[in-house]
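Below: one structure, written as structure tokens.
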Amino acid sequence: MFLKAVRYAINEWEVVCCYVHNGRAEIDNNEAERMMKPICLGRKNYLFCGSEKAAKNTSLIYSLIETCKMNGLRPVKYLANVLRKLIGSETDYTSLLPVNITK
């Protein structure tokens, strides 16, 4: 098993060391796994979204909410603000992404 792990590391060396070259990359994916936990806990409930389209929309909302949290924004406040801007005349959608909102 150890030899298999060493071979994998050698074959994927650039990917394995990616975090060294990029100061923003983490050595593990613990944060991503923590963000997925609430979704996984409710998995049985999400089977009944109604349709494939509704399930895709649900996943988009979850992604947006988690991105808000990662950027230090309160999701409900963020969504209310974005909806107000969309009802108005906002057409620069990129500026509405959580990563582009100042706190």
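How things are named: the first chain in the structure tokens is A, the next is B, and so on; residues count from 1 in each chain; ligands count from 1 in the order shown.
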
Do you know which residues are at most 8 Å from region 52-65 of chain A counting only C-alpha atoms, after dropping those on the same chain fewer than 5 positions away, and could you put them as a VMD selection string?
chain A and resid 46 75 98

Output of the above residues as a PDB file, in the first residue's frame, restricted to C-alpha atoms:
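Written out: result.pdb:
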ATOM      1  CA  TYR A  46     -33.054  16.631  -1.442  1.00  0.00           C
ATOM      2  CA  PRO A  75     -26.059  35.011   2.880  1.00  0.00           C
ATOM      3  CA  PRO A  98     -19.921  37.295  -3.498  1.00  0.00           C
TER       4      PRO A  98
END

Please list as a VMD selection string every residue within 9 Å of region 5-17 of chain A, counting only C-alpha atoms and excluding residues in the same chain fewer than 4 positions away.
chain A and resid 1 21 27

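Minimum atom-to-atom distance to Ala80 (chain A), evaluated using only C-alpha atoms, belongs to A:Leu96 out of A:Leu96, A:Met35, A:Leu41, A:Leu47.
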
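The closest residue to Leu83 (chain A), picked from A:Ile39, A:Met70, A:Ala25, A:Leu97 and counting only C-alpha atoms, is A:Leu97.
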
CA of Tyr78 (chain A) to CA of Arg43 (chain A): how many Å, to one decimal?
25.3 Å

Between CA of Lys77 (chain A) and CA of Arg24 (chain A), what is the distance, to one decimal in Å?
26.8 Å

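Between CA of Glu66 (chain A) and CA of Glu26 (chain A) lies a distance of 17.3 Å.
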
Extract the full set of alpha helix (DSSP H) residues from chain A according to DSSP on the backbone, and format it as number ranges by chain.
A: 2-11, 13-16, 18-21, 30-41, 43-46, 52-70, 75-87
